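Listing of entry.txt; format and content: compact mmCIF, C-alpha atoms.
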# COMPACT_ATOMS: atom_id res chain seq x y z
CA MET A 1 0.00 0.00 0.00
CA PHE A 2 1.16 3.55 -0.75
CA ASN A 3 1.13 6.88 1.06
CA ILE A 4 0.94 9.70 -1.52
CA ILE A 5 2.54 12.78 0.04
CA VAL A 6 2.03 16.29 -1.37
CA ARG A 7 2.98 19.78 -0.22
CA ALA A 8 -0.37 21.46 0.44
CA ARG A 9 -3.84 20.47 1.60
CA LYS A 10 -5.45 21.56 -1.68
CA ASP A 11 -3.06 19.23 -3.51
CA ALA A 12 -4.04 16.46 -1.12
CA LYS A 13 -7.69 17.08 -1.89
CA ALA A 14 -7.05 16.58 -5.63
CA VAL A 15 -5.12 13.36 -5.01
CA GLN A 16 -7.76 12.10 -2.59
CA TYR A 17 -10.38 12.42 -5.33
CA VAL A 18 -8.29 10.05 -7.50
CA ASN A 19 -7.81 7.79 -4.49
CA GLU A 20 -11.55 7.52 -3.90
CA ARG A 21 -12.40 7.16 -7.59
CA ASN A 22 -9.77 4.59 -8.60
CA TYR A 23 -8.53 2.90 -5.42
CA GLY A 24 -11.61 2.81 -3.23
CA GLY A 25 -9.93 5.27 -0.85
CA TYR A 26 -7.51 2.59 0.35
CA LEU A 27 -4.32 4.48 -0.43
CA ARG A 28 -3.23 7.06 2.11
CA VAL A 29 -2.89 10.74 1.18
CA SER A 30 -0.81 13.10 3.31
CA SER A 31 0.01 16.81 3.21
CA LEU A 32 3.25 18.42 4.40
CA GLY A 33 1.31 21.45 5.64
CA GLY A 34 1.95 23.88 2.79
CA GLY A 35 5.54 24.99 3.40
CA ARG A 36 7.90 25.45 0.45
CA LYS A 37 11.26 25.01 2.21
CA PHE A 38 12.50 21.82 3.82
CA GLU A 39 12.72 23.39 7.28
CA GLU A 40 9.06 24.42 7.00
CA VAL A 41 7.83 20.90 6.17
CA LYS A 42 10.23 18.90 8.33
CA ASP A 43 7.69 18.10 11.05
CA GLY A 44 4.95 17.30 8.55
CA LEU A 45 7.35 15.02 6.68
CA GLN A 46 8.23 13.17 9.87
CA ASP A 47 4.55 12.68 10.67
CA ALA A 48 3.82 11.40 7.15
CA LEU A 49 6.72 8.94 7.22
CA GLU A 50 5.57 7.44 10.52
CA ASN A 51 2.85 5.73 8.50
CA PRO A 52 4.11 2.30 7.35
CA TYR A 53 2.73 2.72 3.83
CA VAL A 54 5.42 3.14 1.14
CA PRO A 55 5.80 6.87 0.31
CA ILE A 56 5.19 8.45 -3.10
CA PHE A 57 5.94 12.19 -3.28
CA LEU A 58 4.15 14.33 -5.86
CA PHE A 59 5.22 17.94 -6.33
CA GLY A 60 4.58 20.73 -8.83
CA GLU A 61 7.18 22.59 -10.91
CA LYS A 62 7.50 25.32 -8.26
CA GLU A 63 8.57 22.72 -5.69
CA LYS A 64 11.62 21.24 -7.46
CA GLU A 65 14.08 22.32 -4.77
CA LEU A 66 11.91 20.87 -2.02
CA ALA A 67 11.60 17.62 -3.96
CA GLN A 68 15.38 17.41 -4.37
CA ARG A 69 16.04 18.07 -0.67
CA ILE A 70 13.52 15.44 0.46
CA SER A 71 15.10 12.91 -1.93
CA GLU A 72 18.44 13.49 -0.20
CA GLU A 73 17.08 13.23 3.33
CA ILE A 74 14.95 10.08 3.42
CA LYS A 75 15.80 6.40 3.10
CA GLY A 76 14.04 3.16 2.19
CA PRO A 77 11.88 2.54 -0.85
CA PHE A 78 10.26 5.80 -2.01
CA PHE A 79 9.72 7.75 -5.21
CA VAL A 80 9.64 11.49 -5.86
CA ARG A 81 8.09 12.95 -9.00
CA VAL A 82 7.87 16.59 -10.07
CA LEU A 83 4.78 16.96 -12.26
CA ARG A 84 4.68 19.26 -15.28
CA THR A 85 2.29 21.69 -13.60
CA LYS A 86 2.87 24.55 -11.15
CA ARG A 87 0.98 22.65 -8.48
CA VAL A 88 -0.31 19.10 -8.13
CA ARG A 89 -3.90 20.34 -8.00
CA ASN A 90 -3.52 21.99 -11.43
CA MET A 91 -3.10 18.65 -13.22
CA ARG A 92 -6.04 17.02 -14.97
CA VAL A 93 -7.52 14.15 -12.97
CA ASP A 94 -6.84 11.44 -15.57
CA GLU A 95 -3.28 12.65 -16.03
CA LEU A 96 -2.73 12.62 -12.28
CA TYR A 97 -4.08 9.07 -12.15
CA GLY A 98 -1.75 8.08 -15.01
CA ASN A 99 1.24 9.39 -13.08
CA ILE A 100 0.26 7.41 -9.99
CA GLU A 101 -0.15 4.24 -12.07
CA ASP A 102 3.26 4.76 -13.67
CA ILE A 103 4.94 5.26 -10.29
CA LYS A 104 3.22 2.19 -8.83
CA ALA A 105 4.58 0.19 -11.77
CA ARG A 106 8.09 1.52 -11.12
CA PHE A 107 8.08 0.00 -7.64
CA ARG A 108 7.32 -3.37 -9.27
CA LEU A 109 9.47 -3.15 -12.36
CA GLY A 110 12.39 -0.89 -11.47
CA VAL A 111 15.64 -2.84 -11.04
CA ALA A 112 19.34 -2.14 -10.61
CA TRP A 113 22.15 -4.57 -11.38
CA SER A 114 24.79 -4.84 -8.65
CA GLU A 115 28.13 -5.91 -10.14
CA GLU A 116 29.58 -6.29 -6.65
CA ARG A 117 26.82 -8.58 -5.39
CA ARG A 118 26.12 -10.18 -8.78
CA ALA A 119 22.49 -9.56 -7.94
CA TYR A 120 19.32 -7.79 -9.05
CA ILE A 121 18.25 -5.05 -6.64
CA LEU A 122 14.73 -3.58 -6.71
CA ASP A 123 14.90 0.15 -7.32
CA PRO A 124 12.02 2.33 -8.60
CA SER A 125 14.50 4.72 -10.27
CA ASN A 126 15.18 1.74 -12.58
CA PRO A 127 18.91 2.03 -13.41
CA LEU A 128 18.77 -1.15 -15.52
CA GLY A 129 16.26 0.55 -17.81
CA LEU A 130 13.43 -2.00 -17.94
CA GLU A 131 10.45 -0.84 -19.96
CA ILE A 132 7.86 0.56 -17.54
CA ASN A 133 4.22 -0.25 -18.20
CA PRO A 134 1.45 -0.59 -15.57
CA ASP A 135 0.44 -3.95 -17.09
CA TYR A 136 3.92 -5.52 -17.12
CA ASP A 137 5.40 -7.81 -14.48
CA THR A 138 8.81 -9.16 -13.49
CA TYR A 139 9.80 -12.53 -12.13
CA LEU A 140 12.94 -14.58 -11.62
CA ALA A 141 13.67 -17.62 -13.76
CA VAL A 142 15.45 -19.95 -11.34
CA GLY A 143 16.20 -23.64 -11.09
CA GLU A 144 18.19 -26.16 -13.07
CA GLY A 145 14.98 -27.46 -14.67
CA PHE A 146 14.07 -23.99 -15.94
CA ARG A 147 17.57 -23.48 -17.34
CA ARG A 148 17.60 -26.90 -19.00
CA HIS A 149 14.19 -26.50 -20.60
CA MET A 150 15.03 -23.05 -21.96
CA LYS A 151 18.20 -24.45 -23.52
CA GLU A 152 16.82 -27.75 -24.82
CA LEU A 153 13.44 -26.51 -26.06
CA LEU A 154 14.28 -22.96 -27.13
CA GLY A 155 18.06 -22.82 -27.49
CA VAL A 156 18.33 -20.02 -24.92
CA GLU A 157 21.14 -20.16 -22.33
CA MET A 158 19.98 -17.98 -19.44
CA GLY A 159 22.32 -19.06 -16.63
CA ASP A 160 21.26 -20.12 -13.15
CA VAL A 161 19.17 -17.00 -12.47
CA SER A 162 17.52 -14.75 -15.04
CA LEU A 163 15.39 -11.66 -14.59
CA VAL A 164 12.28 -11.77 -16.78
CA LEU A 165 10.22 -8.78 -17.88
CA ARG A 166 6.80 -10.14 -18.74
CA LYS A 167 5.01 -7.89 -21.24
CA LEU A 168 1.57 -8.02 -22.81
CA MET A 169 0.43 -11.13 -24.70
CA ASN A 170 2.86 -13.33 -22.70
CA GLN A 171 5.89 -11.82 -24.40
CA GLU A 172 8.97 -12.10 -22.18
CA VAL A 173 12.36 -10.39 -22.21
CA TYR A 174 15.15 -12.32 -20.43
CA TYR A 175 18.09 -10.68 -18.71
CA SER A 176 21.29 -12.33 -17.50
CA GLY A 177 23.20 -9.93 -15.30
CA PRO A 178 22.87 -6.49 -16.96
CA ASN A 179 22.40 -7.98 -20.43
CA LYS A 180 19.25 -8.60 -22.44
CA ILE A 181 19.78 -12.11 -23.76
CA ALA A 182 16.48 -13.14 -25.36
CA GLU A 183 12.90 -12.25 -26.14
CA VAL A 184 10.35 -15.06 -26.24
CA SER A 185 6.73 -14.98 -27.38
CA LYS A 186 4.41 -17.31 -25.46
CA VAL A 187 1.11 -16.13 -26.94
CA ILE A 188 -1.77 -18.45 -26.05
CA GLY A 189 -2.90 -20.47 -29.05
CA ARG A 190 0.38 -20.04 -30.94
CA SER A 191 3.68 -21.89 -30.97
CA THR A 192 6.36 -20.59 -28.63
CA GLU A 193 8.70 -18.38 -30.64
CA VAL A 194 12.16 -17.04 -29.84
CA LEU A 195 12.16 -13.55 -31.36
CA TRP A 196 15.90 -13.08 -30.80
CA ARG A 197 18.68 -14.36 -28.55
CA ILE A 198 22.36 -13.75 -27.85
CA LEU A 199 25.00 -15.71 -25.94
CA ALA A 200 25.79 -13.45 -23.01
CA SER A 201 24.87 -15.30 -19.81
CA GLU A 202 26.36 -14.02 -16.56
CA GLU A 203 26.76 -15.44 -13.09
CA VAL A 204 23.87 -14.21 -10.91
CA SER A 205 23.58 -15.00 -7.20
CA LEU A 206 20.10 -15.88 -5.98
CA ASP A 207 21.28 -15.69 -2.35
CA GLU A 208 22.64 -12.17 -2.86
CA THR A 209 19.49 -11.15 -4.71
CA ILE A 210 17.44 -12.31 -1.73
CA GLU A 211 19.70 -10.61 0.80
CA GLY A 212 20.07 -7.40 -1.23
CA ASN A 213 16.30 -6.93 -1.42
CA LYS A 214 15.48 -7.81 2.15
CA GLU A 215 14.88 -4.24 3.39
CA TYR A 216 12.83 -3.37 0.29
CA ILE A 217 10.58 -6.42 0.66
CA GLU A 218 10.24 -5.89 4.41
CA ALA A 219 9.06 -2.31 3.79
CA PHE A 220 6.32 -3.61 1.50
CA GLU A 221 5.49 -6.32 4.03
CA ARG A 222 4.98 -3.66 6.73
CA ALA A 223 2.76 -1.64 4.42
CA SER A 224 0.65 -4.66 3.44
CA ALA A 225 0.44 -5.82 7.06
CA ALA A 226 -0.80 -2.38 8.15
CA PHE A 227 -3.45 -2.56 5.43
CA LEU A 228 -4.58 -6.02 6.59
CA LYS A 229 -4.83 -4.94 10.22
CA GLY A 230 -7.75 -2.72 9.25
CA PHE A 231 -9.97 -5.80 8.82
CA GLU A 232 -11.58 -7.97 11.48
CA GLY A 233 -13.33 -11.27 10.98
CA ASP A 234 -12.65 -14.87 10.08
CA ILE A 235 -9.50 -14.77 7.94
CA ILE A 236 -9.62 -17.15 4.98
CA VAL A 237 -6.98 -17.47 2.27
CA PRO A 238 -8.05 -19.22 -0.97
CA TRP A 239 -4.82 -21.09 -1.67
CA SER A 240 -3.81 -22.73 -4.94
CA GLY A 241 -0.20 -23.43 -4.02
CA GLY A 242 0.87 -20.80 -6.54
CA LYS A 243 3.30 -18.05 -5.60
CA ASP A 244 0.75 -15.24 -5.16
CA SER A 245 -1.68 -17.05 -2.87
CA THR A 246 1.29 -18.50 -0.96
CA ALA A 247 2.70 -15.01 -0.33
CA ALA A 248 -0.77 -13.82 0.76
CA LEU A 249 -0.98 -16.78 3.14
CA ILE A 250 2.44 -16.06 4.68
CA LEU A 251 1.50 -12.43 5.21
CA ALA A 252 -1.91 -13.24 6.71
CA SER A 253 -0.36 -15.81 9.06
CA LYS A 254 1.98 -13.11 10.39
CA VAL A 255 -0.77 -10.54 10.92
CA PHE A 256 -3.58 -12.72 12.32
CA LYS A 257 -3.56 -15.34 15.04
CA ASN A 258 -6.03 -17.69 13.32
CA VAL A 259 -5.89 -18.19 9.57
CA THR A 260 -7.69 -20.82 7.50
CA ALA A 261 -6.30 -21.81 4.11
CA VAL A 262 -8.79 -23.31 1.65
CA TYR A 263 -7.27 -25.47 -1.07
CA VAL A 264 -9.86 -26.20 -3.74
CA ARG A 265 -8.33 -29.14 -5.54
CA MET A 266 -9.62 -29.51 -9.08
CA GLU A 267 -9.56 -32.99 -10.58
CA TYR A 268 -6.97 -31.93 -13.17
CA GLU A 269 -4.79 -30.05 -10.69
CA MET A 270 -1.19 -29.25 -11.57
CA PRO A 271 1.22 -32.01 -10.51
CA LEU A 272 3.08 -31.82 -7.17
CA THR A 273 0.59 -29.30 -5.77
CA ASP A 274 -0.90 -31.62 -3.15
CA GLU A 275 2.50 -32.35 -1.62
CA TYR A 276 3.54 -28.69 -1.72
CA VAL A 277 0.34 -27.50 -0.03
CA GLU A 278 0.51 -30.10 2.74
CA ARG A 279 4.19 -29.43 3.41
CA THR A 280 3.88 -25.64 3.40
CA ALA A 281 0.74 -25.57 5.56
CA LYS A 282 2.57 -27.52 8.25
CA LYS A 283 5.53 -25.13 8.18
CA LEU A 284 3.25 -22.11 8.48
CA GLY A 285 1.05 -23.69 11.12
CA VAL A 286 -2.22 -22.69 9.45
CA ASP A 287 -5.50 -24.60 9.38
CA LEU A 288 -5.95 -26.26 5.99
CA ILE A 289 -9.27 -27.21 4.44
CA LYS A 290 -8.99 -29.28 1.28
CA VAL A 291 -11.96 -29.58 -1.07
CA GLU A 292 -12.01 -32.06 -3.97
CA VAL A 293 -13.82 -30.90 -7.11
CA PRO A 294 -14.48 -33.40 -9.93
CA MET A 295 -14.31 -32.12 -13.50
CA PRO A 296 -16.79 -34.08 -15.66
CA LEU A 297 -15.09 -33.55 -19.01
CA GLU A 298 -17.20 -36.30 -20.55
CA ARG A 299 -20.27 -34.16 -19.87
CA TYR A 300 -19.06 -30.62 -20.53
CA GLY A 301 -16.00 -31.15 -22.71
CA LEU A 302 -12.70 -29.35 -22.24
CA PRO A 303 -13.04 -25.84 -20.80
CA THR A 304 -12.71 -23.07 -23.38
CA HIS A 305 -12.17 -19.32 -23.23
CA THR A 306 -15.87 -18.78 -23.89
CA ASN A 307 -17.06 -21.57 -21.59
CA ARG A 308 -15.00 -21.77 -18.43
CA TRP A 309 -17.50 -23.94 -16.62
CA CYS A 310 -14.74 -25.13 -14.26
CA THR A 311 -14.29 -21.65 -12.76
CA GLY A 312 -17.87 -21.62 -11.54
CA MET A 313 -17.37 -25.00 -9.90
CA LYS A 314 -14.21 -23.80 -8.16
CA VAL A 315 -15.86 -20.65 -6.82
CA GLU A 316 -18.91 -22.63 -5.69
CA ALA A 317 -16.67 -25.07 -3.79
CA LEU A 318 -14.85 -22.18 -2.10
CA TYR A 319 -18.09 -20.46 -1.12
CA ASP A 320 -19.47 -23.73 0.23
CA VAL A 321 -16.65 -23.61 2.80
CA VAL A 322 -16.80 -19.87 3.40
CA LYS A 323 -20.55 -19.84 4.20
CA ASP A 324 -19.89 -21.65 7.48
CA PHE A 325 -17.85 -18.70 8.78
CA GLU A 326 -19.63 -15.86 10.59
CA ASN A 327 -17.73 -12.88 9.13
CA PRO A 328 -15.49 -14.12 6.32
CA ILE A 329 -12.58 -11.95 5.17
CA LEU A 330 -10.96 -13.43 2.06
CA VAL A 331 -7.27 -12.56 1.71
CA VAL A 332 -6.48 -13.13 -1.96
CA GLY A 333 -3.25 -12.95 -3.95
CA ASP A 334 -4.48 -10.82 -6.86
CA ARG A 335 -1.78 -8.51 -8.26
CA ASP A 336 -1.69 -5.59 -10.70
CA GLY A 337 0.96 -7.27 -12.85
CA GLU A 338 -1.25 -10.25 -13.68
CA SER A 339 -3.69 -8.46 -15.97
CA MET A 340 -5.31 -5.09 -16.68
CA ARG A 341 -8.58 -6.40 -15.29
CA ARG A 342 -6.99 -7.10 -11.91
CA ARG A 343 -5.05 -3.82 -11.96
CA LEU A 344 -8.24 -1.82 -12.37
CA LYS A 345 -9.92 -3.46 -9.38
CA PRO A 346 -9.69 -1.59 -6.05
CA PRO A 347 -7.75 -3.30 -3.22
CA VAL A 348 -11.00 -4.23 -1.47
CA VAL A 349 -14.09 -5.75 -3.09
CA GLU A 350 -17.42 -6.55 -1.45
CA ARG A 351 -18.95 -9.71 -2.92
CA LYS A 352 -22.65 -10.43 -2.65
CA THR A 353 -23.44 -14.11 -2.20
CA PRO A 354 -26.62 -16.08 -1.43
CA PHE A 355 -25.45 -16.48 2.16
CA GLY A 356 -24.40 -12.88 2.73
CA PRO A 357 -21.63 -10.41 1.86
CA ILE A 358 -17.95 -11.38 1.67
CA THR A 359 -15.09 -8.91 1.96
CA GLU A 360 -12.22 -9.69 -0.40
CA VAL A 361 -8.90 -7.92 0.30
CA MET A 362 -5.72 -7.86 -1.82
CA PRO A 363 -2.68 -7.07 0.34
CA ILE A 364 -0.02 -7.87 -2.30
CA LYS A 365 -1.84 -6.11 -5.14
CA PHE A 366 1.08 -3.74 -5.80
CA TRP A 367 3.86 -6.37 -5.63
CA SER A 368 5.64 -7.90 -8.61
CA GLY A 369 6.11 -11.60 -9.29
CA MET A 370 9.77 -11.13 -8.38
CA MET A 371 8.84 -9.55 -5.05
CA VAL A 372 6.47 -12.41 -4.30
CA GLN A 373 9.13 -15.01 -5.09
CA LEU A 374 11.71 -13.26 -2.90
CA TYR A 375 9.20 -12.92 -0.06
CA ILE A 376 8.50 -16.66 -0.06
CA LEU A 377 12.21 -17.52 -0.17
CA MET A 378 13.05 -14.93 2.52
CA ASN A 379 10.61 -16.71 4.83
CA GLY A 380 12.45 -20.02 4.50
CA LEU A 381 10.00 -21.67 2.10
CA ASP A 382 10.47 -23.09 -1.35
CA LEU A 383 8.47 -22.09 -4.38
CA HIS A 384 6.09 -24.60 -5.92
CA PRO A 385 8.32 -27.15 -7.75
CA LEU A 386 6.86 -26.24 -11.17
CA TYR A 387 8.30 -22.71 -10.95
CA TYR A 388 11.75 -24.27 -10.99
CA GLU A 389 10.84 -26.03 -14.26
CA GLY A 390 9.76 -22.97 -16.26
CA PHE A 391 6.24 -22.02 -15.20
CA TYR A 392 5.21 -18.42 -14.48
CA ARG A 393 1.69 -19.26 -13.31
CA LEU A 394 -0.20 -22.35 -12.19
CA GLY A 395 -3.69 -23.42 -13.21
CA CYS A 396 -5.11 -26.77 -14.22
CA THR A 397 -3.57 -29.17 -16.71
CA VAL A 398 -6.61 -28.74 -18.99
CA CYS A 399 -6.88 -24.96 -18.65
CA PRO A 400 -7.73 -23.11 -21.89
CA SER A 401 -5.20 -20.44 -20.87
CA LEU A 402 -2.26 -22.84 -21.08
CA ALA A 403 0.30 -21.47 -23.50
CA ASP A 404 2.19 -23.75 -25.88
CA TRP A 405 5.24 -23.38 -23.61
CA GLU A 406 3.32 -24.69 -20.59
CA ILE A 407 1.87 -27.58 -22.58
CA ARG A 408 5.35 -28.54 -23.77
CA LEU A 409 6.65 -28.42 -20.20
CA LEU A 410 3.84 -30.62 -18.91
CA SER A 411 4.58 -33.07 -21.72
CA GLU A 412 8.32 -33.04 -20.95
CA LEU A 413 7.60 -33.70 -17.28
CA GLY A 414 5.18 -36.54 -18.11
CA HIS A 415 2.11 -34.79 -16.66
CA LEU A 416 0.08 -33.84 -19.74
CA PRO A 417 -3.36 -35.53 -19.52
CA GLU A 418 -4.32 -37.94 -22.30
CA ILE A 419 -7.30 -35.79 -23.24
CA MET A 420 -4.97 -32.85 -23.88
CA LYS A 421 -2.69 -35.04 -25.99
CA LYS A 422 -5.69 -36.05 -28.10
CA ARG A 423 -6.75 -32.41 -28.51
CA ILE A 424 -3.26 -31.40 -29.61
CA ASN A 425 -2.94 -34.33 -32.02
CA GLY A 426 -6.39 -33.54 -33.41
CA ALA A 427 -5.48 -29.91 -33.94
CA SER A 428 -2.29 -30.85 -35.76

Once more with this new file: its structure as structure tokens, please.
Amino acid sequence: MFNIIVRARKDAKAVQYVNERNYGGYLRVSSLGGGRKFEEVKDGLQDALENPYVPIFLFGEKEKELAQRISEEIKGPFFVRVLRTKRVRNMRVDELYGNIEDIKARFRLGVAWSEERRAYILDPSNPLGLEINPDYDTYLAVGEGFRRHMKELLGVEMGDVSLVLRKLMNQEVYYSGPNKIAEVSKVIGRSTEVLWRILASEEVSLDETIEGNKEYIEAFERASAAFLKGFEGDIIVPWSGGKDSTAALILASKVFKNVTAVYVRMEYEMPLTDEYVERTAKKLGVDLIKVEVPMPLERYGLPTHTNRWCTGMKVEALYDVVKDFENPILVVGDRDGESMRRRLKPPVVERKTPFGPITEVMPIKFWSGMMVQLYILMNGLDLHPLYYEGFYRLGCTVCPSLADWEIRLLSELGHLPEIMKKRINGAS
């Protein structure tokens, strides 16, 4: 969660309008009291920074010197932007919103390369120069299986650890150290295509990447924890075993004394998920409810993009558990970087159900895939085994959203269902 800090109260009023309109009012907006010199806003700055939310400073053209001085004085993850207007309140609402969205993306996507550490360091000023887009994401390609599959199936040598910028339409740019080494298209419904590649792999330390980002991730953890503490009720985490719901579960288990994880196991679940969920639940000490959901393919056929009948069954199974709780608060792992649809949702959604309202909260909404991975590893847990083989996301083995790359991986690992093999052979 973010604290947007401006100079004057009238500027704060303009930003608060955007906050209410686009974020449900769940960001924090603070004013420095109106002073133009650092000495005049020092106390207001200290008060604003006592809030655990990650600070974003917005200033007008007349406040450049103040912006520069504040940048020199504070530490931790923050971002300062001088807008192209005399005052923040003079900017058009949609343009102001666009600036906030761009800055939010910078916290996810901005990265520096540390030659000394041989590590990627999260940095919203983005010294490495990744392309910034509110709908992009980053993640780390790690594991010997991932490296082997990239080399054997695509002819790309990425080294032990690669930084991946995930763009629209499942198009990915791979970095090894400071170098761009490949761009791969994983568009759903098309063959995986290597758009270009070079041989320039570097040694990258995962341990140093974890250690070098510890303070950054902990700052976001404090912000997300403060956000979660504003909710009271029966805390339930819908848990797939994927990285996002796992990070949400870790965070919830730190904030709340009693947490229930609900694992809705679809019949065609991804391999190794059962073992991962059982093992991780024990380590976290959370209550685990497992629900089995059959998928009658013989009746409905394979799910398609226009007929995702399986999604309704999964939601129904989750709600069948949730209805037994008096005041259910669902802590979900939705993130901005997953899709535009999720980015445009506010951090809190009220769901109407036949058995009453459900509050759905998204504490890691502003995190990147890379941040989520590092958070899990920092807490002494492994990622789901399939991430070490080349997967970015986990669904079902008959999901219509499986890209050709994921289908090839499932086949390589011996986990592609026969019905999917028949569909592929029929299509070819």

**OP:** For atom CA of Asp102 of chain A and atom CA of Asn179 of chain A, determine how far apart the two atoms are, in Å to one decimal place.
**Re:**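 Computing it gives 24.0 Å between the two atoms.
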
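Here atom CA of Cys399 of chain A is placed at a distance of 13.5 Å from atom CA of Pro271 of chain A.
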
**OP:** Have a look at A:Met169, A:Ile210, A:Val398, A:Ala112 and name the one nearest to Met295 of chain A; count only C-alpha atoms.
**Re:**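 Answer, going by the shortest atom-to-atom distance: A:Val398.
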
Go through segment 346-375 of chain A residue by residue and, counting all atoms listed in the file, keep those with an atom at most 8 Å from segment 243-256 of chain A; for each kept residue give the shortest atom pair and its distance in Å to one decimal, ordered by chain and increasing number, as JSON lines.
{"residue": "A:Pro363", "atom": "CA", "partner": "A:Ala248", "partner_atom": "CA", "distance": 7.0}
{"residue": "A:Ile364", "atom": "CA", "partner": "A:Ala248", "partner_atom": "CA", "distance": 6.7}
{"residue": "A:Gly369", "atom": "CA", "partner": "A:Asp244", "partner_atom": "CA", "distance": 7.7}
{"residue": "A:Val372", "atom": "CA", "partner": "A:Ala247", "partner_atom": "CA", "distance": 6.1}
{"residue": "A:Gln373", "atom": "CA", "partner": "A:Lys243", "partner_atom": "CA", "distance": 6.6}
{"residue": "A:Tyr375", "atom": "CA", "partner": "A:Ala247", "partner_atom": "CA", "distance": 6.8}

**OP:** Go through A:Lys352, A:Asp287, A:Leu66, A:Trp367 one by one, measure the shortest atom-to-atom distance of each to Leu122 of chain A using only C-alpha atoms, and give the residue with the smallest value.
**Re:**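 The closest residue to Leu122 of chain A is A:Trp367.
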
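Using all atoms listed in the file, the smallest distance between any of A:Ile74, A:Leu83, A:Met270, A:Ile217 and Ile103 of chain A comes from A:Leu83.
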
Would you tabulate, counting only C-alpha atoms, all residues of segment 135-156 of chain A that have an atom at most 10 Å from an atom of segment 327-351 of chain A, showing the closest pair of atoms and their distance in Å to one decimal, sorted by chain then ascending number, as CSV?
residue,atom,partner,partner_atom,distance
A:Asp135,CA,A:Gly337,CA,5.4
A:Tyr136,CA,A:Gly337,CA,5.5
A:Asp137,CA,A:Gly337,CA,4.8
A:Thr138,CA,A:Gly337,CA,8.1

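Between atom CA of Arg7 of chain A and atom CA of Asp43 of chain A lies a distance of 12.3 Å.
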
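The nearest approach to Thr192 of chain A among the residues A:Asp11, A:Glu20, A:Asp207, A:Glu172, with all atoms listed in the file taken into account, belongs to A:Glu172.
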
**OP:** Compare A:Leu374, A:Gly155, A:Thr304, A:Gly230 by their minimum atom-to-atom distance to Leu402 of chain A, counting all atoms listed in the file, and give me the closest one.
**Re:**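 Smallest distance to Leu402 of chain A is found for A:Thr304.
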
**OP:** List the neighbours of Ser205 of chain A out to 9 Å using only C-alpha atoms; skip same-chain residues closer than 6 positions along the sequence, and give me the result as a list in words.
**Re:** Arg117, Arg118, Ala119, Tyr120, Asp160 and Val161 of chain A

Subject >> Who sits within 12 Å of Ala223 of chain A, only C-alpha atoms, same chain under 3 positions skipped, as a ChimeraX atom specification >> reply: /A:1-3,26-28,49-55,77,216-220,226-230,251,255,363-367

Original post:
Which residues come within 10 Å of Val142 of chain A, counting only C-alpha atoms, excluding same-chain residues fewer than 5 positions away, as a list of chain:residue names?
Top reply: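 Near neighbours after the sequence-gap exclusion: A:Arg147, A:Met158, A:Gly159, A:Asp160, A:Val161, A:Ser162, A:Leu163, A:Leu206, A:Tyr387, A:Tyr388, A:Glu389, A:Gly390.
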
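The nearest approach to Met150 of chain A among the residues A:Glu131, A:Glu418, A:Glu183, A:Glu39, with only C-alpha atoms taken into account, belongs to A:Glu183.
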
Within 10 Å of segment 127-130 of chain A, which residues of segment 138-211 of chain A show up? Give each one with its shortest atom-to-atom distance in Å (one decimal) and the two atoms involved, counting only C-alpha atoms, rows by chain then rising residue number, as a Markdown table.
| residue | atom | partner | partner_atom | distance |
| --- | --- | --- | --- | --- |
| A:Thr138 | CA | A:Leu130 | CA | 9.6 |
| A:Val164 | CA | A:Leu130 | CA | 9.9 |
| A:Leu165 | CA | A:Leu130 | CA | 7.5 |
| A:Val173 | CA | A:Leu130 | CA | 9.5 |
| A:Tyr175 | CA | A:Leu130 | CA | 9.9 |
| A:Gly177 | CA | A:Leu128 | CA | 9.8 |
| A:Pro178 | CA | A:Leu128 | CA | 6.9 |
| A:Asn179 | CA | A:Leu128 | CA | 9.2 |
| A:Lys180 | CA | A:Leu130 | CA | 9.9 |

Nearby residues (only C-alpha atoms) at most 7 Å from Ala105 of chain A, same-chain spacing under 3 positions excluded, as a PDB file with C-alpha atoms, keeping the file's coordinate frame:
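File result07.pdb, as written:
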ATOM      1  CA  GLU A 101      -0.150   4.240 -12.070  1.00  0.00           C
ATOM      2  CA  ASP A 102       3.260   4.760 -13.670  1.00  0.00           C
ATOM      3  CA  ARG A 108       7.320  -3.370  -9.270  1.00  0.00           C
ATOM      4  CA  LEU A 109       9.470  -3.150 -12.360  1.00  0.00           C
ATOM      5  CA  ILE A 132       7.860   0.560 -17.540  1.00  0.00           C
ATOM      6  CA  ASN A 133       4.220  -0.250 -18.200  1.00  0.00           C
ATOM      7  CA  PRO A 134       1.450  -0.590 -15.570  1.00  0.00           C
TER       8      PRO A 134
END
